[in-house]
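For reference, entry-v4.tsv is printed below; it contains TSV, C-alpha atoms and all ligand atoms.
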chain	number	residue	atom	x	y	z
A	1	GLN	CA	32.32	46.54	44.43
A	2	PHE	CA	32.20	47.90	40.90
A	3	LYS	CA	35.61	48.71	39.57
A	4	LYS	CA	34.52	51.12	36.96
A	5	LYS	CA	34.03	54.61	38.31
A	6	GLU	CA	30.49	54.95	37.18
A	7	ALA	CA	28.32	52.68	35.10
A	8	ARG	CA	24.94	53.09	33.54
A	9	ILE	CA	22.82	49.99	33.45
A	10	LEU	CA	19.72	49.64	31.35
A	11	CYS	CA	17.27	47.15	32.81
A	12	VAL	CA	14.61	45.95	30.43
A	13	GLY	CA	12.22	43.07	29.86
A	14	LEU	CA	8.59	42.33	29.16
A	15	ASP	CA	5.88	43.34	31.59
A	16	ASN	CA	5.48	40.96	34.52
A	17	SER	CA	9.02	39.55	34.09
A	18	GLY	CA	9.98	40.82	37.54
A	19	LYS	CA	11.97	43.97	36.80
A	20	SER	CA	10.47	46.03	39.61
A	21	THR	CA	10.87	43.18	42.08
A	22	ILE	CA	14.54	42.71	41.16
A	23	ILE	CA	15.24	46.41	41.12
A	24	ASN	CA	13.78	46.79	44.59
A	25	GLN	CA	16.29	44.23	45.82
A	26	LEU	CA	19.12	46.21	44.30
A	27	LYS	CA	18.10	49.56	45.65
A	28	PRO	CA	19.62	50.94	48.82
A	29	LEU	CA	16.91	50.77	51.49
A	30	ARG	CA	16.63	54.50	51.88
A	31	THR	CA	15.71	55.05	48.28
A	32	ARG	CA	13.23	52.24	47.91
A	33	ASN	CA	10.38	54.58	47.25
A	34	THR	CA	10.46	54.51	43.52
A	35	ASP	CA	11.13	57.46	41.35
A	36	ILE	CA	9.01	56.94	38.32
A	37	ALA	CA	9.14	59.47	35.54
A	38	PRO	CA	6.35	59.16	33.05
A	39	THR	CA	7.80	60.31	29.76
A	40	VAL	CA	5.69	60.85	26.68
A	41	GLY	CA	3.72	57.66	26.65
A	42	PHE	CA	5.93	55.37	28.62
A	43	CYS	CA	7.34	55.02	32.11
A	44	VAL	CA	11.00	55.15	32.91
A	45	GLU	CA	12.42	54.56	36.34
A	46	GLN	CA	15.84	55.79	37.31
A	47	PHE	CA	17.86	55.46	40.48
A	48	ASN	CA	21.43	55.36	41.68
A	49	SER	CA	23.03	52.69	43.80
A	50	GLY	CA	26.60	53.52	44.72
A	51	ASN	CA	28.41	54.28	41.51
A	52	LEU	CA	25.78	52.56	39.45
A	53	SER	CA	22.96	54.31	37.76
A	54	PHE	CA	19.99	52.21	36.74
A	55	THR	CA	17.38	52.98	34.12
A	56	VAL	CA	14.46	50.61	33.99
A	57	PHE	CA	11.69	50.31	31.50
A	58	ASP	CA	9.14	48.01	30.03
A	59	MET	CA	9.66	46.82	26.50
A	60	SER	CA	6.29	45.32	25.74
A	61	GLY	CA	3.55	46.99	23.83
A	62	GLN	CA	5.53	50.18	23.44
A	63	GLY	CA	6.76	49.67	19.91
A	64	ARG	CA	5.77	53.08	18.71
A	65	TYR	CA	7.95	54.71	21.36
A	66	ARG	CA	11.05	52.86	20.30
A	67	ASN	CA	12.67	55.99	18.89
A	68	LEU	CA	12.44	57.56	22.36
A	69	TRP	CA	14.56	54.77	23.79
A	70	GLU	CA	17.61	55.77	21.77
A	71	HIS	CA	18.66	58.24	24.39
A	72	TYR	CA	18.90	55.49	26.98
A	73	TYR	CA	20.64	53.10	24.62
A	74	SER	CA	23.42	55.47	23.75
A	75	SER	CA	24.33	56.22	27.36
A	76	SER	CA	24.28	52.63	28.65
A	77	ASP	CA	27.36	50.63	29.61
A	78	ALA	CA	25.52	47.37	30.20
A	79	ILE	CA	22.11	45.79	29.85
A	80	ILE	CA	20.14	43.63	32.23
A	81	PHE	CA	17.41	41.73	30.45
A	82	VAL	CA	14.86	40.12	32.74
A	83	VAL	CA	12.95	37.09	31.51
A	84	ASP	CA	10.04	35.35	33.21
A	85	SER	CA	11.34	31.80	32.98
A	86	THR	CA	7.84	30.41	33.56
A	87	ASP	CA	6.32	32.26	30.63
A	88	LYS	CA	7.08	29.89	27.76
A	89	LEU	CA	4.22	31.31	25.76
A	90	ARG	CA	5.78	34.75	25.57
A	91	MET	CA	9.39	33.64	25.20
A	92	PRO	CA	9.21	34.36	21.44
A	93	VAL	CA	8.01	37.89	22.26
A	94	ALA	CA	10.94	38.39	24.62
A	95	LYS	CA	13.24	37.07	21.91
A	96	GLU	CA	11.80	39.49	19.38
A	97	GLU	CA	12.22	42.45	21.75
A	98	LEU	CA	15.77	41.38	22.48
A	99	ASN	CA	16.59	41.19	18.80
A	100	GLN	CA	15.06	44.60	18.18
A	101	LEU	CA	17.22	45.99	20.96
A	102	LEU	CA	20.41	44.36	19.73
A	103	SER	CA	19.87	45.41	16.15
A	104	HIS	CA	19.34	49.05	17.07
A	105	LYS	CA	22.01	51.25	15.58
A	106	GLN	CA	22.89	52.86	18.92
A	107	ILE	CA	23.52	49.41	20.37
A	108	GLN	CA	25.35	48.13	17.32
A	109	GLN	CA	27.77	51.03	17.55
A	110	LYS	CA	28.86	49.98	21.01
A	111	ARG	CA	31.77	47.73	21.62
A	112	ASN	CA	31.96	45.32	24.52
A	113	LEU	CA	28.43	45.86	25.70
A	114	PRO	CA	27.76	43.15	28.30
A	115	VAL	CA	24.24	41.76	28.53
A	116	LEU	CA	23.16	40.01	31.70
A	117	PHE	CA	20.03	37.87	31.57
A	118	PHE	CA	18.07	36.95	34.64
A	119	ALA	CA	16.02	33.79	34.13
A	120	ASN	CA	13.68	35.01	36.83
A	121	LYS	CA	11.08	33.19	38.95
A	122	ASN	CA	13.26	30.11	39.13
A	123	ASP	CA	11.56	29.21	42.41
A	124	LEU	CA	8.44	28.19	40.52
A	125	ARG	CA	8.08	24.55	39.59
A	126	HIS	CA	7.23	25.15	35.96
A	127	SER	CA	10.15	27.47	35.28
A	128	VAL	CA	12.59	26.48	32.55
A	129	SER	CA	16.32	26.24	33.20
A	130	PRO	CA	18.70	29.07	32.26
A	131	VAL	CA	20.13	26.84	29.52
A	132	LYS	CA	16.68	26.30	28.07
A	133	CYS	CA	15.91	30.01	28.41
A	134	ALA	CA	19.07	30.84	26.46
A	135	GLN	CA	18.00	28.44	23.74
A	136	LEU	CA	14.50	29.88	23.54
A	137	LEU	CA	15.95	33.38	23.28
A	138	GLY	CA	18.32	32.25	20.54
A	139	LEU	CA	21.38	33.42	22.45
A	140	ASP	CA	23.60	30.74	20.98
A	141	ARG	CA	22.78	31.82	17.43
A	142	GLY	CA	21.81	35.47	17.62
A	143	GLU	CA	23.57	38.32	15.94
A	144	TRP	CA	25.56	39.41	18.92
A	145	VAL	CA	26.73	42.91	19.71
A	146	ARG	CA	30.27	43.23	18.47
A	147	GLY	CA	32.75	42.11	21.06
A	148	GLY	CA	30.09	41.99	23.74
A	149	THR	CA	29.36	39.03	25.93
A	150	TRP	CA	26.30	37.70	27.61
A	151	HIS	CA	25.60	35.67	30.70
A	152	ILE	CA	22.43	34.13	32.08
A	153	CYS	CA	21.69	33.59	35.76
A	154	PRO	CA	18.71	31.95	37.40
A	155	SER	CA	17.12	34.38	39.83
A	156	ASN	CA	14.44	34.76	42.41
A	157	GLY	CA	13.36	38.36	42.56
A	158	LEU	CA	11.35	37.77	45.73
A	159	THR	CA	14.31	36.57	47.81
A	160	GLY	CA	17.10	38.17	45.81
A	161	GLU	CA	18.72	34.80	45.20
A	162	GLY	CA	20.97	34.82	42.12
A	163	LEU	CA	21.14	38.59	41.81
A	164	LYS	CA	24.57	38.92	43.38
A	165	GLU	CA	26.05	36.30	41.10
A	166	GLY	CA	24.72	38.14	38.09
A	167	LEU	CA	25.94	41.53	39.23
A	168	ASP	CA	29.35	40.10	40.08
A	169	TRP	CA	29.64	38.91	36.50
A	170	LEU	CA	28.54	42.31	35.25
A	171	SER	CA	31.03	44.01	37.51
A	172	ASP	CA	33.85	41.97	36.01
A	173	GLN	CA	32.79	43.05	32.53
A	174	LEU	CA	32.76	46.72	33.43
A	175	ILE	CA	36.35	47.09	34.56
A	201	LIG	P1	5.68	45.52	35.03
A	201	LIG	O1	5.57	46.37	36.26
A	201	LIG	O2	4.39	45.09	34.45
A	201	LIG	O3	6.64	46.09	34.04
A	201	LIG	O4	6.35	44.15	35.52
A	201	LIG	P2	7.73	43.88	36.15
A	201	LIG	O5	8.63	43.31	35.12
A	201	LIG	O6	8.23	45.07	36.89
A	201	LIG	O7	7.38	42.70	37.13
A	201	LIG	P3	7.10	42.79	38.70
A	201	LIG	O8	8.36	43.05	39.44
A	201	LIG	O9	5.96	43.68	38.94
A	201	LIG	O10	6.70	41.27	38.97
A	201	LIG	C1	5.57	40.69	38.39
A	201	LIG	C2	4.99	39.66	39.33
A	201	LIG	O11	5.89	38.56	39.45
A	201	LIG	C3	4.77	40.16	40.75
A	201	LIG	O12	3.59	39.58	41.25
A	201	LIG	C4	5.99	39.66	41.51
A	201	LIG	O13	5.73	39.46	42.87
A	201	LIG	C5	6.23	38.34	40.81
A	201	LIG	N1	7.65	37.93	40.85
A	201	LIG	C6	8.73	38.66	40.50
A	201	LIG	N2	9.86	37.93	40.62
A	201	LIG	C7	9.49	36.71	41.06
A	201	LIG	C8	10.21	35.50	41.37
A	201	LIG	O14	11.43	35.40	41.24
A	201	LIG	N3	9.46	34.44	41.77
A	201	LIG	C9	8.11	34.50	41.90
A	201	LIG	N4	7.47	33.39	42.31
A	201	LIG	N5	7.40	35.60	41.62
A	201	LIG	C10	8.08	36.70	41.20
Let me see the file written as structure tokens.
Amino acid sequence: QFKKKEARILCVGLDNSGKSTIINQLKPLRTRNTDIAPTVGFCVEQFNSGNLSFTVFDMSGQGRYRNLWEHYYSSSDAIIFVVDSTDKLRMPVAKEELNQLLSHKQIQQKRNLPVLFFANKNDLRHSVSPVKCAQLLGLDRGEWVRGGTWHICPSNGLTGEGLKEGLDWLSDQLI
């Protein structure tokens, strides 16, 4: 499915955004028991799915470990940023974390780094649309990674709805 031989995907987002739920949908059934590696002070999860290698971690409340994230930044070919589309209150926090990520020197050095957003929990009545999510995250205005592109997909981590569409887009970017 993915044209590039091997790709490393960094999956990040605030706590409770639905990262683990989404990741479980993406994992091959056999490997669904998670492989969580507690590093100094924060948890990183890594797994392979076909020729994709995923690294997942939580961005919230871990500010002082930011320098430890560099390693993951430098080796990533793409980013998946999961947003809880019902959590309007913390949308500014997600935006801040996103901006911190994008302004990191390891990220800035990359060219053509695609960023896929999942506006997750779109099954819930009080969720905001992907367009609104993009606005709240400042995607239309933000300092964007040089030459990189972004895309936002509504998703339902519980059913897996929307995930394929997002990954298809990502796949096209990784050729
Ligand atoms: P941390 O483990 O705290 O980092 O959170 P996380 O980002 O991994 O979120 P997690 O996958 O644990 O999901 C948080 C909660 O949201 C869980 O109760 C999930 O069942 C629920 N959830 C995740 N995705 C969806 C969704 O698309 N719709 C609904 N209704 N609930 C969801």
Please define a box with edges along x, y and z of the file around all atoms of ligand LIG 201 (chain A) given in the file, extend it by 3 Å on each side, and return its centre and edge lengths in Å to one decimal, as JSON.
{"center_x": 7.5, "center_y": 39.9, "center_z": 38.5, "size_x": 13.8, "size_y": 19.0, "size_z": 14.8}
Please identify every residue of chain A that has at least one atom no farther than 8 Å from an atom of ligand LIG 201 (chain A), counting all atoms listed in the file, and for each give the shortest atom pair and the distance in Å to one decimal, arranged by chain then increasing number, as CSV.
residue,atom,partner,partner_atom,distance
A:Gly13,CA,A:LIG201,O5,6.4
A:Leu14,CA,A:LIG201,O5,6.0
A:Asp15,CA,A:LIG201,O2,3.7
A:Asn16,CA,A:LIG201,O4,3.5
A:Ser17,CA,A:LIG201,O5,3.9
A:Gly18,CA,A:LIG201,O7,3.2
A:Lys19,CA,A:LIG201,O5,3.8
A:Ser20,CA,A:LIG201,O6,3.7
A:Thr21,CA,A:LIG201,O8,3.6
A:Ile22,CA,A:LIG201,O8,6.4
A:Ile23,CA,A:LIG201,O8,7.8
A:Phe57,CA,A:LIG201,O3,7.1
A:Asp58,CA,A:LIG201,O3,5.1
A:Val82,CA,A:LIG201,O5,7.4
A:Asp84,CA,A:LIG201,N2,7.8
A:Asn120,CA,A:LIG201,O14,5.0
A:Lys121,CA,A:LIG201,O14,3.2
A:Asn122,CA,A:LIG201,O14,6.0
A:Asp123,CA,A:LIG201,N3,5.7
A:Leu124,CA,A:LIG201,N4,5.6
A:Ser155,CA,A:LIG201,O14,6.0
A:Asn156,CA,A:LIG201,O14,3.3
A:Gly157,CA,A:LIG201,O14,3.8
A:Leu158,CA,A:LIG201,C8,5.0
A:Thr159,CA,A:LIG201,O14,7.3
A:Gly160,CA,A:LIG201,O14,7.8
**Report entry** Residue contacts of Val128 of chain A (9 Å, all atoms listed in the file) excluding same-chain residues fewer than 2 positions away, as a PyMOL selection string
**Finding:** chain A and resi 85-88+119+122+125-126+130-133
Query raised in the report: What lies within 9 Å of Val115 of chain A using only C-alpha atoms, ignoring chain neighbours under 4 positions off, as a ChimeraX atom specification?
Result: /A:78-81,148-152,170
Query raised in the report: Between atom CA of Arg8 of chain A and atom CA of Asn99 of chain A, what is the distance, to one decimal in Å?
Result: 20.7 Å
Query - Pairwise distance for atom CA of Leu136 of chain A and atom CA of Glu165 of chain A, rounded to one decimal in Å - result: 22.0 Å
Requested in this report: Work out how far atom CA of Arg111 of chain A is from atom CA of Asp168 of chain A, in Å to one decimal.
Outcome: 20.1 Å
Report summary line: In terms of all atoms listed in the file, the residue from A:Gln108, A:Gln135, A:Ser129, A:Gln25 at minimal distance from Lys164 of chain A is A:Gln25
**Report entry** Residue contacts of Tyr73 of chain A (8 Å, all atoms listed in the file) excluding same-chain residues fewer than 5 positions away, as a PyMOL selection string
**Finding:** chain A and resi 10+106-107
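Closest to Leu163 of chain A among A:Trp69, A:Phe47, A:Phe118, A:Phe54 is A:Phe118, based on only C-alpha atoms.
Of the residues listed (A:Ser75, A:Leu101, A:Val83, A:Gln109), A:Val83 shows the shortest atom-to-atom separation from Ser127 of chain A; distances use all atoms listed in the file.
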